[in-house]
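Asks: Next comes the structure file target.cif, holding mmCIF, C-alpha atoms.
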data_my_file
loop_
_atom_site.label_atom_id
_atom_site.label_comp_id
_atom_site.auth_asym_id
_atom_site.auth_seq_id
_atom_site.Cartn_x
_atom_site.Cartn_y
_atom_site.Cartn_z
CA MET A 1 0.00 0.00 0.00
CA GLU A 2 1.48 3.34 -1.06
CA LYS A 3 2.03 6.04 1.51
CA PRO A 4 -0.11 9.15 1.02
CA PRO A 5 1.85 12.17 -0.29
CA LYS A 6 3.23 14.50 2.34
CA LYS A 7 1.34 17.69 3.02
CA LEU A 8 2.73 20.75 1.30
CA LEU A 9 3.85 22.57 4.45
CA VAL A 10 5.59 19.41 5.66
CA GLN A 11 7.51 19.32 2.37
CA VAL A 12 8.40 22.99 2.80
CA ARG A 13 9.72 22.52 6.33
CA GLU A 14 11.70 19.41 5.44
CA LEU A 15 13.38 21.10 2.47
CA ILE A 16 14.21 24.20 4.52
CA ARG A 17 15.87 22.01 7.13
CA ARG A 18 17.83 20.10 4.52
CA LYS A 19 19.11 23.41 3.22
CA HIS A 20 20.04 24.45 6.79
CA TYR A 21 17.97 27.63 6.85
CA SER A 22 17.43 29.22 10.24
CA ILE A 23 14.51 28.28 12.47
CA GLY A 24 13.18 31.81 12.05
CA ALA A 25 13.19 31.46 8.25
CA GLU A 26 11.38 28.13 8.48
CA GLN A 27 8.63 29.55 10.65
CA ALA A 28 8.25 32.70 8.55
CA TYR A 29 8.19 30.89 5.19
CA ALA A 30 5.65 28.34 6.41
CA LEU A 31 3.44 31.14 7.76
CA TRP A 32 3.51 33.16 4.51
CA ILE A 33 2.82 30.13 2.35
CA LYS A 34 -0.14 29.23 4.56
CA ARG A 35 -1.49 32.81 4.36
CA TYR A 36 -1.07 32.78 0.58
CA ILE A 37 -3.10 29.57 0.28
CA LEU A 38 -5.82 30.81 2.64
CA PHE A 39 -6.00 34.14 0.81
CA HIS A 40 -6.83 32.26 -2.39
CA ASN A 41 -9.53 30.13 -0.72
CA LYS A 42 -7.28 27.12 -0.11
CA ARG A 43 -6.38 26.58 -3.75
CA HIS A 44 -3.24 24.50 -4.22
CA PRO A 45 -0.25 26.66 -5.26
CA ILE A 46 0.53 24.29 -8.16
CA ASP A 47 -2.70 25.54 -9.76
CA MET A 48 -1.72 29.17 -9.25
CA GLY A 49 1.12 31.35 -10.46
CA LYS A 50 2.09 34.91 -11.33
CA PRO A 51 -1.42 36.51 -11.19
CA GLU A 52 -2.16 35.04 -7.77
CA ILE A 53 1.25 36.02 -6.39
CA GLU A 54 0.82 39.58 -7.66
CA THR A 55 -2.66 39.81 -6.14
CA PHE A 56 -1.42 38.57 -2.79
CA LEU A 57 1.59 40.92 -2.68
CA THR A 58 -0.60 43.86 -3.69
CA HIS A 59 -3.00 42.92 -0.90
CA LEU A 60 -0.11 43.12 1.58
CA ALA A 61 0.86 46.54 0.23
CA VAL A 62 -2.74 47.75 0.68
CA LEU A 63 -2.53 46.56 4.29
CA LYS A 64 0.53 48.82 4.59
CA VAL A 65 2.91 46.14 5.76
CA SER A 66 6.58 47.11 5.82
CA ALA A 67 8.78 46.61 2.77
CA SER A 68 10.82 43.98 4.59
CA THR A 69 7.66 42.06 5.51
CA GLN A 70 6.40 42.08 1.93
CA ASN A 71 9.83 41.01 0.65
CA GLN A 72 9.88 38.13 3.13
CA ALA A 73 6.48 36.98 1.86
CA PHE A 74 7.72 37.24 -1.73
CA ASN A 75 10.86 35.23 -0.94
CA ALA A 76 8.75 32.56 0.74
CA LEU A 77 6.62 32.20 -2.39
CA LEU A 78 9.67 32.09 -4.64
CA PHE A 79 11.07 29.31 -2.44
CA LEU A 80 7.77 27.45 -2.66
CA TYR A 81 7.55 27.57 -6.44
CA HIS A 82 11.21 27.18 -7.37
CA GLN A 83 12.44 24.79 -4.66
CA VAL A 84 9.39 22.78 -3.55
CA LEU A 85 7.08 22.69 -6.58
CA ASN A 86 9.85 23.00 -9.22
CA LYS A 87 7.65 25.42 -11.11
CA ASP A 88 9.17 28.30 -13.07
CA LEU A 89 7.81 31.80 -12.63
CA PRO A 90 8.16 34.80 -14.96
CA ASP A 91 11.20 36.98 -14.36
CA THR A 92 9.04 39.93 -13.40
CA ILE A 93 6.30 39.98 -10.79
CA ASN A 94 4.25 43.17 -11.15
CA ALA A 95 2.70 43.99 -7.82
CA SER A 96 2.35 47.11 -5.74
CA ARG A 97 5.37 47.15 -3.47
CA ALA A 98 5.47 48.49 0.05
CA LYS A 99 7.73 51.52 0.35
CA LYS A 100 10.75 51.28 2.56
CA PRO A 101 10.90 54.35 4.81
CA LYS A 102 14.17 56.23 5.03
CA ARG A 103 15.03 56.48 8.69
CA LEU A 104 18.21 57.13 10.58
CA PRO A 105 19.24 54.22 12.82
CA THR A 106 18.61 54.60 16.53
CA VAL A 107 21.83 54.25 18.48
CA ILE A 108 21.84 54.04 22.27
CA THR A 109 24.71 55.24 24.43
CA LYS A 110 26.83 52.95 26.60
CA GLU A 111 25.09 54.27 29.70
CA GLU A 112 21.67 53.55 28.19
CA ALA A 113 22.85 50.06 27.28
CA ARG A 114 23.98 49.46 30.89
CA LYS A 115 20.56 50.54 32.17
CA VAL A 116 18.79 48.18 29.76
CA ILE A 117 21.04 45.26 30.70
CA SER A 118 20.63 45.92 34.42
CA ALA A 119 16.84 45.83 33.99
CA VAL A 120 16.96 42.35 32.41
CA MET A 121 16.38 39.33 34.63
CA ALA A 122 19.61 37.99 36.09
CA THR A 123 19.29 34.68 34.22
CA ASP A 124 19.18 36.51 30.88
CA GLN A 125 21.79 39.18 31.55
CA LEU A 126 24.73 37.18 30.24
CA MET A 127 22.99 36.51 26.95
CA THR A 128 22.01 40.19 26.69
CA LYS A 129 25.61 41.25 27.24
CA ILE A 130 26.82 38.87 24.55
CA LEU A 131 24.18 40.16 22.11
CA TYR A 132 25.20 43.76 22.77
CA GLY A 133 28.96 43.26 22.93
CA SER A 134 29.38 40.77 20.09
CA GLY A 135 26.68 41.92 17.70
CA LEU A 136 25.13 38.46 17.53
CA ARG A 137 21.58 38.02 16.34
CA LEU A 138 19.22 36.44 18.85
CA MET A 139 19.03 33.07 17.11
CA GLU A 140 22.82 33.02 16.67
CA CYS A 141 23.21 33.49 20.41
CA LEU A 142 20.65 30.80 21.21
CA MET A 143 22.42 28.34 18.89
CA LEU A 144 25.92 29.19 20.19
CA ARG A 145 28.12 26.20 21.08
CA VAL A 146 31.07 26.04 23.46
CA LYS A 147 33.47 24.95 20.72
CA TYR A 148 32.83 28.22 18.86
CA ILE A 149 34.03 30.37 21.78
CA ASP A 150 37.74 31.19 21.85
CA PHE A 151 38.76 32.91 25.08
CA GLU A 152 42.40 33.21 24.08
CA MET A 153 41.68 34.96 20.76
CA ASN A 154 38.72 36.92 22.23
CA GLN A 155 36.41 35.79 19.46
CA ILE A 156 33.23 33.89 18.69
CA VAL A 157 32.76 31.92 15.49
CA VAL A 158 29.23 32.13 14.11
CA ARG A 159 28.30 29.10 12.01
CA ASP A 160 25.62 29.28 9.33
CA GLY A 161 24.68 32.89 10.01
CA ARG A 162 22.48 34.95 7.74
CA GLY A 163 22.98 33.89 4.14
CA MET A 164 24.44 30.56 5.34
CA LYS A 165 27.79 32.31 5.90
CA ASP A 166 30.26 31.74 8.72
CA ARG A 167 31.80 34.78 10.37
CA VAL A 168 33.96 35.73 13.33
CA THR A 169 32.95 38.35 15.86
CA LEU A 170 34.38 39.83 19.04
CA LEU A 171 34.16 38.20 22.45
CA PRO A 172 34.04 41.22 24.81
CA GLU A 173 36.60 41.17 27.59
CA SER A 174 33.95 42.28 30.10
CA VAL A 175 31.83 39.21 29.37
CA LYS A 176 34.58 36.61 29.77
CA PRO A 177 34.49 36.20 33.60
CA SER A 178 30.72 35.71 33.69
CA LEU A 179 30.81 33.41 30.67
CA ARG A 180 33.57 31.28 32.19
CA GLU A 181 31.60 30.98 35.42
CA HIS A 182 28.46 30.00 33.53
CA LEU A 183 30.32 27.33 31.56
CA GLU A 184 31.99 25.99 34.68
CA ASN A 185 28.62 25.69 36.41
CA THR A 186 27.16 23.99 33.35
CA SER A 187 30.08 21.56 33.11
CA ASN A 188 29.52 20.52 36.72
CA ARG A 189 26.01 19.43 35.72
CA VAL A 190 26.80 17.68 32.43
CA GLY A 191 30.34 16.39 32.97
CA PRO A 192 33.95 17.63 32.62
CA SER A 193 34.19 16.91 28.88
CA TYR A 194 31.83 19.83 28.22
CA LEU A 195 34.67 22.38 28.33
CA SER A 196 37.27 20.35 26.48
CA ASN A 197 37.12 22.55 23.35
CA ILE A 198 37.60 25.90 25.10
CA SER A 199 40.88 27.71 24.45
CA GLY A 200 42.60 29.80 27.11
#
Please lay out the structure from this file as structure tokens.

Replies:
Amino acid sequence: MEKPPKKLLVQVRELIRRKHYSIGAEQAYALWIKRYILFHNKRHPIDMGKPEIETFLTHLAVLKVSASTQNQAFNALLFLYHQVLNKDLPDTINASRAKKPKRLPTVITKEEARKVISAVMATDQLMTKILYGSGLRLMECLMLRVKYIDFEMNQIVVRDGRGMKDRVTLLPESVKPSLREHLENTSNRVGPSYLSNISG
């Protein structure tokens, strides 16, 4: 007896994981694909194409979503058609596009950063300090492994960051004592081999 075909969103998630996309990308792509299908009254995407994509993206623009949100939805649909369904789309998709506002970045001072960090719960302060001092994204920090921390070289290796690229970032000197203490406490719970890959 043949197994029934996998549901579309299951296929999407499995392919995203095989391509080692981030967890955030998996959740976002699955959500946009589901919204696209529901918007078109649960029609299967294989029976739709450029007109339906353009209508959906224009609908998002009318809702005044941000440009980055609309682009994420568009990328999710491109992934669906090109990678999952193996269906070619025209080179141009003509839809109303959300405008990206031109804003200056908001930069906080060191004193403001200290106040924010001090207001965070004690259990999350170390992670907050690493995020601020190393410039890690939240998911990068959550996925951080001991073997990627080099105390001697004062650096953190980020594996499979945005764009599936590895990079090296700074390990702040001020964080090292607290991080060492945290790792020592963790190693006491899981065994001495936990810290075997730490330099310095």

Asks: Run the PyMOL selection byres ((chain A and resi 70) around 10) on the file and write out the hits as a list in words.

Replies: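 Listing what the PyMOL selection byres ((chain A and resi 70) around 10) selects in the shown file: Trp32, Phe56, Leu57, Thr58, His59, Leu60, Ala61, Lys64, Val65, Ser66, Ala67, Ser68, Thr69, Asn71, Gln72, Ala73, Phe74, Asn75, Ala76, Arg97, Ala98 and Lys99 of chain A.
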
Asks: Rounded to one decimal in Å, what is the spacing between CA of Leu126 in chain A and CA of Glu152 in chain A?

Replies: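 One can read the CA of Leu126 in chain A to CA of Glu152 in chain A distance as 19.1 Å.
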
Asks: Just how far from CA of Ala25 in chain A is CA of Arg145 in chain A, in Å to one decimal?

Replies: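 Atom-to-atom, CA of Arg145 in chain A and CA of Ala25 in chain A are spaced 20.4 Å apart.
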
Asks: When the PyMOL selection byres ((chain A and resi 148) around 9) is applied to the file above, which residues end up in the set, as a list in words?

Replies: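 Taken over the shown coordinates, the PyMOL selection byres ((chain A and resi 148) around 9) returns Leu144, Arg145, Val146, Lys147, Ile149, Asp150, Gln155, Ile156, Val157, Val158, Arg159, Asn197 and Ile198 of chain A.
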
Asks: Please report the interatomic distance between CA of Val168 in chain A and CA of Lys129 in chain A in Å with one decimal.

Replies: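 Pair CA of Val168 in chain A / CA of Lys129 in chain A returns 17.1 Å.
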
Asks: When you look at Lys50 in chain A with a cut-off of 12 Å (counting all atoms listed in the file), what residues show up, excluding the ones that are within fewer than 5 positions of it in the same chain? I need them as a PyMOL selection string.

Replies: chain A and resi 45+55-57+74+77-78+81+87-95

Asks: Between A:Lys165, A:Leu170, A:Arg43, A:Leu63, which has the minimum distance to His20 in chain A (counting only C-alpha atoms)?

Replies: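 Looking at the shortest contact to His20 in chain A, the residue is A:Lys165.
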
Asks: Pull the neighbourhood of (25.8, 35.0, 39.8) for me: all residues within 9 Å in file coordinates, counting only C-alpha atoms, as a list in words.

Replies: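 Protein and nucleic acid residues near the point are Ala122, Thr123, Ser178, Glu181 and His182 of chain A.
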
Asks: Which protein, DNA or RNA residues have an atom at most 9 Å from (21.5, 38.6, 31.5), counting all atoms listed in the file? List them as a list of chain:residue names.

Replies: A:Ile117, A:Ser118, A:Ala119, A:Val120, A:Met121, A:Ala122, A:Thr123, A:Asp124, A:Gln125, A:Leu126, A:Met127, A:Thr128, A:Lys129, A:Ile130
